[in-house]
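Have a look at target13.txt; it's compact mmCIF, C-alpha atoms:
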# COMPACT_ATOMS: atom_id res chain seq x y z
CA MET A 1 1.74 -45.85 24.60
CA PRO A 2 5.11 -44.24 23.86
CA ALA A 3 7.46 -45.53 21.19
CA LEU A 4 10.58 -47.42 22.24
CA GLY A 5 14.17 -46.32 22.18
CA THR A 6 17.53 -47.42 23.48
CA SER A 7 21.08 -46.18 23.94
CA TYR A 8 23.51 -45.83 21.03
CA SER A 9 26.81 -47.46 21.93
CA GLU A 10 29.58 -45.59 20.12
CA ARG A 11 32.07 -48.40 20.78
CA ASP A 12 30.02 -51.01 18.99
CA PRO A 13 28.46 -49.91 15.67
CA ARG A 14 27.30 -53.47 15.00
CA LEU A 15 25.24 -53.41 18.17
CA ALA A 16 23.48 -50.24 16.98
CA GLN A 17 22.80 -51.92 13.63
CA ARG A 18 21.30 -54.86 15.49
CA LEU A 19 19.15 -52.73 17.83
CA ALA A 20 17.99 -50.04 15.38
CA PRO A 21 15.29 -52.21 13.72
CA LEU A 22 13.86 -52.99 17.17
CA VAL A 23 13.25 -49.37 18.20
CA GLU A 24 11.90 -46.09 16.91
CA PHE A 25 14.55 -43.96 18.66
CA LEU A 26 18.28 -44.26 19.34
CA GLU A 27 19.78 -42.01 22.01
CA VAL A 28 23.36 -40.83 21.65
CA THR A 29 25.45 -39.17 24.33
CA PRO A 30 27.33 -36.43 22.44
CA ASP A 31 30.20 -36.52 24.94
CA SER A 32 30.83 -40.16 24.10
CA ILE A 33 31.54 -39.55 20.41
CA ALA A 34 34.20 -36.91 21.14
CA THR A 35 37.71 -36.93 22.49
CA MET A 36 39.74 -34.01 23.80
CA ILE A 37 42.80 -33.18 21.72
CA ASP A 38 45.00 -30.17 22.48
CA GLY A 39 42.26 -28.79 24.68
CA ARG A 40 39.60 -29.01 21.96
CA PRO A 41 36.84 -31.61 21.63
CA ILE A 42 37.15 -33.57 18.38
CA VAL A 43 34.09 -35.48 17.22
CA ASP A 44 34.58 -38.98 15.82
CA GLU A 45 33.77 -38.71 12.10
CA ASP A 46 32.94 -42.42 11.82
CA ALA A 47 30.37 -42.15 14.59
CA LEU A 48 28.84 -39.07 12.93
CA ALA A 49 28.57 -40.87 9.60
CA HIS A 50 27.08 -43.92 11.28
CA LEU A 51 24.49 -41.86 13.13
CA GLU A 52 23.64 -40.02 9.93
CA GLU A 53 23.02 -43.36 8.23
CA LEU A 54 20.96 -44.66 11.15
CA SER A 55 18.86 -41.48 11.14
CA GLU A 56 17.37 -42.49 7.79
CA SER A 57 15.33 -45.17 9.53
CA THR A 58 15.47 -44.31 13.25
CA ARG A 59 14.91 -41.03 15.06
CA ILE A 60 17.97 -39.82 16.95
CA LEU A 61 18.00 -38.16 20.37
CA ALA A 62 20.94 -36.38 22.00
CA HIS A 63 21.28 -37.01 25.73
CA GLY A 64 24.11 -35.03 27.27
CA VAL A 65 26.19 -35.74 30.32
CA GLY A 66 28.86 -33.04 30.19
CA LEU A 67 27.06 -29.73 29.66
CA SER A 68 27.14 -29.14 33.40
CA ILE A 69 24.16 -26.84 33.21
CA GLY A 70 24.25 -26.33 36.97
CA SER A 71 27.85 -25.19 37.38
CA ALA A 72 27.86 -21.84 39.19
CA ASP A 73 30.94 -20.66 37.28
CA GLY A 74 29.46 -21.38 33.83
CA TRP A 75 28.53 -24.38 31.79
CA ASN A 76 30.85 -26.48 29.65
CA ASP A 77 31.17 -24.82 26.22
CA ASP A 78 33.07 -27.83 24.87
CA TYR A 79 29.91 -29.88 25.18
CA LEU A 80 27.98 -27.37 23.09
CA ARG A 81 30.68 -27.49 20.38
CA VAL A 82 30.17 -31.25 20.19
CA LEU A 83 26.39 -30.87 20.14
CA ASP A 84 26.72 -28.26 17.36
CA ARG A 85 28.66 -30.76 15.23
CA LEU A 86 26.21 -33.55 15.93
CA ALA A 87 23.15 -31.39 15.21
CA ALA A 88 24.72 -30.15 11.97
CA HIS A 89 25.08 -33.71 10.64
CA VAL A 90 22.27 -35.67 12.22
CA PRO A 91 18.62 -34.64 12.46
CA LEU A 92 17.81 -34.67 16.18
CA ALA A 93 14.25 -35.04 17.44
CA TRP A 94 15.23 -33.22 20.63
CA HIS A 95 18.09 -32.99 23.12
CA SER A 96 18.30 -33.40 26.86
CA GLU A 97 20.69 -32.96 29.74
CA HIS A 98 20.92 -33.89 33.39
CA LEU A 99 19.84 -31.42 36.05
CA GLY A 100 23.18 -31.28 37.80
CA TYR A 101 26.82 -30.33 37.40
CA THR A 102 29.95 -32.21 36.47
CA HIS A 103 32.44 -29.30 36.48
CA VAL A 104 33.42 -26.80 39.15
CA ASP A 105 35.68 -23.88 38.29
CA ALA A 106 36.04 -25.49 34.84
CA ALA A 107 37.59 -28.66 36.30
CA PRO A 108 35.76 -32.01 36.01
CA LEU A 109 34.43 -33.40 39.28
CA GLY A 110 34.51 -37.01 38.11
CA THR A 111 30.85 -37.37 39.01
CA MET A 112 27.56 -35.53 38.70
CA LEU A 113 26.00 -33.79 41.66
CA ALA A 114 22.44 -32.55 42.07
CA LEU A 115 21.66 -28.89 42.61
CA PRO A 116 19.95 -27.66 45.76
CA ARG A 117 16.26 -26.95 45.08
CA VAL A 118 16.45 -23.26 45.89
CA GLU A 119 15.64 -19.96 44.15
CA GLU A 120 19.35 -19.38 43.51
CA SER A 121 19.46 -22.55 41.39
CA LEU A 122 16.43 -21.44 39.38
CA ASP A 123 18.07 -18.05 38.79
CA LEU A 124 21.12 -19.86 37.46
CA LEU A 125 19.30 -22.44 35.35
CA CYS A 126 16.45 -20.56 33.72
CA PRO A 127 18.51 -18.14 31.56
CA ARG A 128 20.68 -21.07 30.45
CA ILE A 129 17.66 -23.15 29.46
CA GLU A 130 16.28 -20.17 27.54
CA THR A 131 19.64 -19.84 25.75
CA LEU A 132 19.52 -23.51 24.75
CA LEU A 133 15.94 -23.21 23.52
CA ALA A 134 16.93 -20.23 21.38
CA ARG A 135 20.15 -21.80 20.10
CA TYR A 136 18.74 -25.15 18.96
CA PRO A 137 15.46 -25.34 17.01
CA MET A 138 14.22 -28.37 18.90
CA PRO A 139 12.76 -29.17 22.32
CA PHE A 140 15.10 -29.37 25.31
CA LEU A 141 14.41 -31.71 28.22
CA LEU A 142 15.91 -31.89 31.69
CA GLU A 143 16.38 -35.11 33.64
CA HIS A 144 16.45 -35.20 37.42
CA VAL A 145 19.54 -36.97 38.77
CA VAL A 146 20.00 -39.41 41.63
CA ASN A 147 21.27 -37.64 44.73
CA LEU A 148 23.41 -39.77 47.03
CA LEU A 149 24.35 -36.95 49.39
CA PRO A 150 22.18 -35.72 52.27
CA ASP A 151 19.43 -33.42 50.99
CA PHE A 152 20.27 -29.71 51.18
CA ALA A 153 19.03 -28.44 54.52
CA GLU A 154 17.13 -25.37 53.27
CA SER A 155 15.23 -26.43 50.14
CA ASP A 156 12.67 -23.95 48.77
CA TYR A 157 10.94 -26.59 46.67
CA THR A 158 10.04 -30.25 46.71
CA HIS A 159 11.67 -32.42 44.04
CA ALA A 160 8.61 -32.32 41.76
CA GLY A 161 7.90 -28.68 42.60
CA PHE A 162 11.39 -27.68 41.48
CA LEU A 163 10.97 -29.47 38.14
CA ASN A 164 7.52 -27.95 37.68
CA GLU A 165 8.91 -24.46 38.32
CA LEU A 166 11.65 -24.94 35.70
CA VAL A 167 8.99 -25.97 33.19
CA ARG A 168 6.72 -23.08 34.13
CA ARG A 169 9.45 -20.45 33.86
CA THR A 170 11.16 -21.68 30.67
CA GLY A 171 8.91 -23.99 28.69
CA CYS A 172 11.48 -26.79 28.74
CA GLY A 173 10.35 -30.40 28.82
CA LEU A 174 11.14 -33.17 31.29
CA LEU A 175 12.81 -36.54 30.98
CA LEU A 176 11.55 -38.76 33.76
CA ASP A 177 13.93 -41.59 34.62
CA VAL A 178 11.88 -44.21 36.41
CA TYR A 179 14.97 -45.95 37.73
CA ASN A 180 16.46 -42.71 39.06
CA LEU A 181 13.18 -42.08 40.82
CA GLU A 182 13.29 -45.57 42.29
CA CYS A 183 16.88 -44.96 43.48
CA ASP A 184 15.93 -41.68 45.11
CA ALA A 185 12.95 -43.30 46.84
CA HIS A 186 15.05 -46.25 48.05
CA ASN A 187 17.79 -43.88 49.25
CA GLY A 188 15.31 -41.83 51.26
CA GLN A 189 15.40 -38.72 49.08
CA VAL A 190 11.91 -38.79 47.56
CA GLU A 191 8.47 -39.89 48.69
CA LEU A 192 7.21 -41.60 45.54
CA ARG A 193 3.46 -41.00 45.81
CA ALA A 194 3.87 -37.33 46.63
CA PHE A 195 6.34 -36.90 43.75
CA LEU A 196 4.03 -38.57 41.21
CA ASP A 197 1.00 -36.63 42.44
CA GLU A 198 2.79 -33.28 42.25
CA LEU A 199 4.78 -33.59 39.01
CA ASP A 200 3.46 -31.77 35.95
CA PHE A 201 3.28 -34.82 33.68
CA SER A 202 2.20 -32.72 30.70
CA ALA A 203 5.88 -31.71 30.39
CA VAL A 204 7.21 -35.29 30.41
CA ARG A 205 8.20 -36.05 26.83
CA GLU A 206 10.61 -38.92 27.43
CA ILE A 207 10.90 -41.71 29.98
CA HIS A 208 14.04 -43.65 30.84
CA ILE A 209 14.18 -47.09 32.34
CA ALA A 210 17.35 -48.87 33.47
CA ASN A 211 18.91 -50.83 36.29
CA GLY A 212 22.07 -50.51 38.33
CA VAL A 213 23.72 -51.77 41.46
CA GLU A 214 23.40 -51.36 45.20
CA ARG A 215 26.38 -50.33 47.31
CA ARG A 216 26.45 -49.80 51.07
CA GLY A 217 22.65 -49.92 51.01
CA LEU A 218 22.32 -47.15 48.40
CA MET A 219 20.93 -47.75 44.91
CA LEU A 220 23.17 -46.34 42.17
CA ASP A 221 22.15 -45.29 38.66
CA VAL A 222 24.91 -47.21 36.91
CA HIS A 223 22.68 -48.37 34.03
CA SER A 224 24.54 -51.63 33.78
CA ARG A 225 21.77 -54.24 33.90
CA THR A 226 18.42 -55.21 32.44
CA THR A 227 15.39 -53.92 34.29
CA ARG A 228 13.97 -55.53 37.38
CA SER A 229 10.29 -56.16 38.11
CA GLU A 230 10.10 -53.41 40.77
CA THR A 231 11.18 -50.81 38.23
CA ARG A 232 8.69 -52.05 35.67
CA ALA A 233 5.97 -51.88 38.33
CA LEU A 234 6.85 -48.23 38.87
CA LEU A 235 6.75 -47.74 35.10
CA ASP A 236 3.18 -49.08 35.21
CA GLU A 237 2.30 -46.27 37.59
CA VAL A 238 4.05 -43.62 35.51
CA LEU A 239 2.80 -44.50 32.02
CA PRO A 240 -0.92 -43.74 32.55
CA ARG A 241 0.06 -40.30 33.89
CA ALA A 242 2.69 -39.56 31.23
CA THR A 243 0.25 -39.19 28.37
CA HIS A 244 2.53 -36.75 26.51
CA ALA A 245 5.58 -39.02 26.65
CA GLU A 246 6.68 -39.91 23.12
CA VAL A 247 9.34 -42.48 23.92
CA LEU A 248 10.43 -44.96 26.56
CA VAL A 249 14.20 -45.48 26.38
CA PHE A 250 15.96 -48.53 27.80
CA GLU A 251 19.23 -46.98 28.90
CA PHE A 252 22.53 -48.83 29.21
CA LEU A 253 26.13 -47.70 29.42
CA SER A 254 28.63 -48.64 26.71
CA GLU A 255 30.85 -50.04 29.45
CA ALA A 256 28.12 -52.55 30.30
CA VAL A 257 27.78 -53.96 26.78
CA PRO A 258 30.48 -56.66 27.15
CA VAL A 259 28.67 -57.95 30.25
CA LEU A 260 25.08 -57.49 29.05
CA GLY A 261 25.63 -58.72 25.50
CA ALA A 262 23.60 -57.87 22.41
CA ASN A 263 21.09 -60.67 22.91
CA ARG A 264 20.12 -59.57 26.41
CA ILE A 265 19.78 -55.94 25.33
CA ALA A 266 17.60 -56.97 22.38
CA GLY A 267 15.61 -59.24 24.69
CA GLU A 268 15.07 -56.37 27.11
CA ILE A 269 13.72 -54.18 24.33
CA GLU A 270 11.35 -56.94 23.28
CA LEU A 271 10.27 -57.38 26.90
CA LEU A 272 9.53 -53.65 27.21
CA ARG A 273 7.64 -53.76 23.89
CA ARG A 274 5.36 -56.45 25.31
CA TRP A 275 5.19 -54.77 28.71
CA THR A 276 3.94 -51.48 27.30
CA ALA A 277 1.65 -52.94 24.61
CA MET B 278 24.41 -22.19 55.85
CA THR B 279 25.54 -20.65 52.59
CA ARG B 280 23.21 -20.44 49.59
CA ASP B 281 26.02 -19.12 47.43
CA LEU B 282 26.12 -21.82 44.75
CA ALA B 283 29.73 -21.18 43.75
CA GLU B 284 30.94 -21.55 47.33
CA LEU B 285 28.73 -24.57 47.90
CA GLN B 286 30.04 -26.30 44.78
CA ARG B 287 33.66 -25.60 45.64
CA ASN B 288 33.15 -27.08 49.11
CA LEU B 289 31.45 -30.16 47.67
CA THR B 290 34.28 -30.55 45.17
CA GLU B 291 36.73 -30.56 48.05
CA LEU B 292 34.65 -33.20 49.81
CA VAL B 293 34.51 -35.40 46.71
CA ARG B 294 38.26 -35.04 46.09
CA THR B 295 39.55 -35.43 49.63
CA GLY B 296 36.67 -36.52 51.88
CA ALA B 297 36.99 -33.38 54.00
CA CYS B 298 36.61 -29.61 53.68
CA ALA B 299 37.60 -26.61 55.74
CA SER B 300 34.10 -25.09 56.04
CA ASP B 301 32.33 -25.14 59.42
CA ASP B 302 28.92 -25.35 57.71
CA ALA B 303 26.67 -27.86 59.53
CA TRP B 304 25.18 -29.32 56.33
CA LEU B 305 28.61 -29.84 54.80
CA ALA B 306 29.64 -31.60 58.01
CA ASP B 307 26.64 -33.92 57.53
CA VAL B 308 27.74 -34.56 53.95
CA ALA B 309 31.29 -35.29 55.09
CA ARG B 310 30.00 -37.95 57.53
CA SER B 311 27.51 -39.47 55.09
CA THR B 312 27.56 -42.91 53.51
CA GLY B 313 26.50 -41.15 50.31
CA LEU B 314 29.76 -39.20 50.06
CA LEU B 315 31.74 -42.37 50.70
CA VAL B 316 29.86 -44.12 47.88
CA VAL B 317 30.29 -41.15 45.53
CA ARG B 318 34.04 -41.17 46.16
CA GLU B 319 34.22 -44.93 45.66
CA CYS B 320 32.33 -44.61 42.36
CA VAL B 321 34.60 -41.81 41.10
CA ALA B 322 37.65 -43.97 41.80
CA ALA B 323 36.13 -47.18 40.41
CA TRP B 324 35.25 -45.56 37.07
CA ARG B 325 38.73 -44.10 36.70
CA GLU B 326 40.32 -47.43 37.59
CA LEU B 327 38.20 -49.08 34.90
CA ILE B 328 39.17 -46.47 32.29
CA LEU B 329 42.86 -46.65 33.18
CA ARG B 330 42.94 -50.45 33.12
CA ARG B 331 41.53 -50.22 29.59
CA THR B 332 43.56 -47.25 28.32
CA CYS B 333 46.98 -48.06 29.78
CA PRO B 334 46.73 -51.76 30.65
CA GLN B 335 50.48 -52.47 30.88
CA THR B 336 51.16 -49.77 33.43
CA ALA B 337 48.01 -50.56 35.38
CA ALA B 338 48.92 -54.26 35.52
CA ARG B 339 52.47 -53.58 36.69
CA LEU B 340 51.32 -51.20 39.39
CA GLU B 341 48.61 -53.65 40.37
CA ALA B 342 51.22 -56.40 40.73
CA ARG B 343 53.13 -54.14 43.14
CA GLY B 344 49.89 -53.36 45.04
CA GLU B 345 50.20 -49.69 44.12
CA PHE B 346 47.56 -49.14 41.42
CA ARG B 347 44.68 -47.95 43.61
CA ALA B 348 46.91 -45.62 45.61
CA ALA B 349 48.27 -44.12 42.37
CA VAL B 350 44.72 -43.51 41.10
CA ALA B 351 43.74 -41.97 44.44
CA ARG B 352 46.72 -39.58 44.31
CA LEU B 353 45.71 -38.53 40.80
CA LEU B 354 42.09 -37.92 41.83
CA ARG B 355 43.16 -35.72 44.73
CA ARG B 356 44.89 -33.50 42.15
CA GLU B 357 42.56 -33.68 39.15
CA CYS B 358 39.99 -35.83 37.41
CA PRO B 359 40.18 -35.28 33.62
CA MET B 360 36.92 -36.02 31.84
CA TYR B 361 38.20 -37.60 28.63
CA PHE B 362 39.94 -40.97 28.75
CA ARG B 363 43.15 -39.96 26.96
CA GLU B 364 43.62 -36.89 29.15
CA LEU B 365 43.01 -39.03 32.22
CA ALA B 366 45.54 -41.62 31.07
CA LEU B 367 48.18 -39.02 30.24
CA ALA B 368 47.78 -37.39 33.67
CA PHE B 369 48.09 -40.83 35.29
CA LEU B 370 51.11 -41.83 33.21
CA ALA B 371 52.91 -38.55 33.95
CA GLU B 372 53.59 -39.86 37.47
CA ALA B 373 54.20 -43.47 36.44
CA VAL B 374 56.99 -42.62 33.97
CA ALA B 375 59.05 -41.42 36.94
CA HIS B 376 58.46 -44.62 38.97
CA ASP B 377 61.50 -46.10 40.74
CA ASP B 378 60.80 -49.50 39.18
CA PRO B 379 62.11 -49.32 35.59
CA VAL B 380 59.56 -51.93 34.47
CA VAL B 381 56.71 -49.63 35.51
CA ALA B 382 58.45 -46.54 34.14
CA GLU B 383 59.14 -48.15 30.76
CA ALA B 384 55.58 -49.47 30.41
CA ALA B 385 54.27 -46.00 31.23
CA ALA B 386 56.61 -44.33 28.74
CA TYR B 387 55.57 -46.78 26.02
CA GLU B 388 51.85 -46.32 26.67
CA ARG B 389 52.22 -42.55 26.90
CA GLY B 390 53.90 -42.63 23.48
CA GLU B 391 51.08 -44.73 22.04
CA ILE B 392 48.44 -42.31 23.32
CA VAL B 393 50.34 -39.27 22.03
CA ARG B 394 50.64 -40.98 18.62
CA ALA B 395 46.89 -41.68 18.60
CA VAL B 396 46.20 -38.05 19.47
CA LEU B 397 48.46 -36.79 16.71
CA ALA B 398 46.84 -39.15 14.20
CA ALA B 399 43.31 -38.00 15.06

Encoding of this model in structure tokens:
Amino acid sequence: MPALGTSYSERDPRLAQRLAPLVEFLEVTPDSIATMIDGRPIVDEDALAHLEELSESTRILAHGVGLSIGSADGWNDDYLRVLDRLAAHVPLAWHSEHLGYTHVDAAPLGTMLALPRVEESLDLLCPRIETLLARYPMPFLLEHVVNLLPDFAESDYTHAGFLNELVRRTGCGLLLDVYNLECDAHNGQVELRAFLDELDFSAVREIHIANGVERRGLMLDVHSRTTRSETRALLDEVLPRATHAEVLVFEFLSEAVPVLGANRIAGEIELLRRWTA
Amino acid sequence: MTRDLAELQRNLTELVRTGACASDDAWLADVARSTGLLVVRECVAAWRELILRRTCPQTAARLEARGEFRAAVARLLRRECPMYFRELALAFLAEAVAHDDPVVAEAAAYERGEIVRAVLAA
């Protein structure tokens, strides 16, 4: 069974202190420990020092949001500057990013959109993944994102087939978010059985689990709640296949901490510990 | 249907920002009519409202009391959607400092000053 991990909340160092003894991995979003000043990203020194201290007893993962690896006009270099700073101070087990884009023509979209599963996307992504693998001496994983928009009309690949092809062409790993998969299935984007049967699970190094909200009949990956039984049932189907997965991460957003509370987050980690034992 | 990713992404950006786009592409027309796009646009606005209520609470509260907060956020998002919270707040406050109501304008000027001071101190 994989080890357990959870999100690092940059706004609440005491929460990280409380959760660190309960897990083997803490996952930090590099974007969240930086702020933009005069057009340059400045990394919070206190957060860096805290992560460095935590890394003595807990393995640290970087999970990006703002690289925008799928932007046609180029990815977000500011994100890489932040990741450079983080990696220089904190030993990272690996880093990951979402398979989507948050910037268009260098301007933030305010959301993350999925790429069409076409050859043109592979041509864009593969050299970038190879650049990341060469730049950072650690594995790089990609996470599929929830797509709320109608599926692109001329896909060349299935969802799993597209991920498999990225792995085959570049040697990157995969981060499988069980809740995202559940959202996509609920929203009519993915047929679960076919996805699980087709995915190359040997590339899945990390699994995410979370919960969110439903709006206008669509499930959203807001990561604002503790997990529900349906998601854990899907996890039960994924775990026996994901024999190379090293960690299961309970993911929550910093914005959800005041509502969730430290006790419920700790309780969720303990629940997942028992669930996966 | 275009498979040019740059064109596709620009059209989708337009749809996210405004809910419509000039292209006559059939798939983009489907996106424009979709519940998914509506939900994406609602989420973009809701997150920014949350950040602005936290980053410039005085201005947000005064605009809210006048029933103008959501419309002000929507106007901002049609123009731009800065990624970092201070940039977002400064872009939002740039309009609010010129508000006709001096109570709103003064709150915005004060909060803009506080954010600038925090930036300079960083």

Neighbours of chain A in chain B at 9 Å, counting all atoms listed in the file, as a PyMOL selection string: chain B and resi 278+280-284+286-287+289-290+293-294+304+307-308+311-314+316-318+320-322+324-325+354+357-364+396-397+399

Spatial neighbours of Thr170 in chain A, 10 Å, all atoms listed in the file, chain gap at least 2 places, as a PyMOL selection string: chain A and resi 125-131+133+165-168+172-173

Would you mind exporting the chosen residues as an mmCIF file, in the frame of the given file, restricted to C-alpha atoms?
data_model
loop_
_atom_site.group_PDB
_atom_site.id
_atom_site.type_symbol
_atom_site.label_atom_id
_atom_site.label_comp_id
_atom_site.auth_asym_id
_atom_site.auth_seq_id
_atom_site.Cartn_x
_atom_site.Cartn_y
_atom_site.Cartn_z
ATOM 1 C CA LEU A 125 19.300 -22.440 35.350
ATOM 2 C CA CYS A 126 16.450 -20.560 33.720
ATOM 3 C CA PRO A 127 18.510 -18.140 31.560
ATOM 4 C CA ARG A 128 20.680 -21.070 30.450
ATOM 5 C CA ILE A 129 17.660 -23.150 29.460
ATOM 6 C CA GLU A 130 16.280 -20.170 27.540
ATOM 7 C CA THR A 131 19.640 -19.840 25.750
ATOM 8 C CA LEU A 133 15.940 -23.210 23.520
ATOM 9 C CA GLU A 165 8.910 -24.460 38.320
ATOM 10 C CA LEU A 166 11.650 -24.940 35.700
ATOM 11 C CA VAL A 167 8.990 -25.970 33.190
ATOM 12 C CA ARG A 168 6.720 -23.080 34.130
ATOM 13 C CA CYS A 172 11.480 -26.790 28.740
ATOM 14 C CA GLY A 173 10.350 -30.400 28.820
#

Among listed residues A:Ala203, A:Ala106, A:Val90, A:Leu51, nearest Asp77 in chain A (using all atoms listed in the file): A:Ala106

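Between Glu230 in chain A and the candidates A:Leu260, A:Leu181, A:Leu196, A:Ala245, the tightest atom-to-atom separation, counting all atoms listed in the file, involves A:Leu181.
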
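Nearest-residue note for Leu370 in chain B: choosing from B:Asp301, B:Glu326, B:Glu319, B:Glu388, the minimum distance belongs to B:Glu388, counting all atoms listed in the file.
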
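Using all atoms listed in the file for every distance, the candidate list A:Leu176, A:Leu61, A:Ile269, A:Ala242 yields A:Ile269 as the residue closest to Leu4 in chain A.
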
Expected answer as a ChimeraX atom specification: all residues with atoms within 10 Å of (30.6, -48.7, 13.8), all atoms listed in the file: /A:9-17,46-51

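Distances from A:Val238, A:Ala134, A:Ala114, A:Ala93 to Asp184 in chain A were compared using all atoms listed in the file, and the smallest one belongs to A:Ala114.
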
Nearest-residue call for Arg352 in chain B, choices B:Ala306, B:Ala368, B:Leu327, B:Ile392, using only C-alpha atoms: B:Ala368

Sphere at (49.3, -45.5, 25.1), radius 10 Å, counting all atoms listed in the file: residues as a ChimeraX atom specification: /B:332-336,363,366-367,370,384-396

Next, the residues of the selection above should be written as a PDB file, in the frame of the given file with C-alpha atoms.
ATOM      1  CA  THR B 332      43.560 -47.250  28.320  1.00  0.00           C
ATOM      2  CA  CYS B 333      46.980 -48.060  29.780  1.00  0.00           C
ATOM      3  CA  PRO B 334      46.730 -51.760  30.650  1.00  0.00           C
ATOM      4  CA  GLN B 335      50.480 -52.470  30.880  1.00  0.00           C
ATOM      5  CA  THR B 336      51.160 -49.770  33.430  1.00  0.00           C
ATOM      6  CA  ARG B 363      43.150 -39.960  26.960  1.00  0.00           C
ATOM      7  CA  ALA B 366      45.540 -41.620  31.070  1.00  0.00           C
ATOM      8  CA  LEU B 367      48.180 -39.020  30.240  1.00  0.00           C
ATOM      9  CA  LEU B 370      51.110 -41.830  33.210  1.00  0.00           C
ATOM     10  CA  ALA B 384      55.580 -49.470  30.410  1.00  0.00           C
ATOM     11  CA  ALA B 385      54.270 -46.000  31.230  1.00  0.00           C
ATOM     12  CA  ALA B 386      56.610 -44.330  28.740  1.00  0.00           C
ATOM     13  CA  TYR B 387      55.570 -46.780  26.020  1.00  0.00           C
ATOM     14  CA  GLU B 388      51.850 -46.320  26.670  1.00  0.00           C
ATOM     15  CA  ARG B 389      52.220 -42.550  26.900  1.00  0.00           C
ATOM     16  CA  GLY B 390      53.900 -42.630  23.480  1.00  0.00           C
ATOM     17  CA  GLU B 391      51.080 -44.730  22.040  1.00  0.00           C
ATOM     18  CA  ILE B 392      48.440 -42.310  23.320  1.00  0.00           C
ATOM     19  CA  VAL B 393      50.340 -39.270  22.030  1.00  0.00           C
ATOM     20  CA  ARG B 394      50.640 -40.980  18.620  1.00  0.00           C
ATOM     21  CA  ALA B 395      46.890 -41.680  18.600  1.00  0.00           C
ATOM     22  CA  VAL B 396      46.200 -38.050  19.470  1.00  0.00           C
TER      23      VAL B 396
END

Contacts of Glu270 in chain A at 12 Å (all atoms listed in the file; same-chain gap of 5+ positions) as JSON, numbers by chain: {"A": [4, 5, 6, 19, 21, 22, 23, 226, 250, 263, 264, 265, 275, 276, 277]}

How big is the axis-aligned box around all listed atoms of range 303-322 of chain B once 5 Å goes on each side, and where's its centre, in Å to one decimal, as AutoDock Vina command-line options?
--center_x 31.4 --center_y -36.4 --center_z 50.3 --size_x 22.5 --size_y 27.1 --size_z 28.4

Exercise: Gly212 in chain A partners within 9 Å, all atoms listed in the file, chain neighbours under 4 positions left out, as a PyMOL selection string: chain A and resi 179+219-227
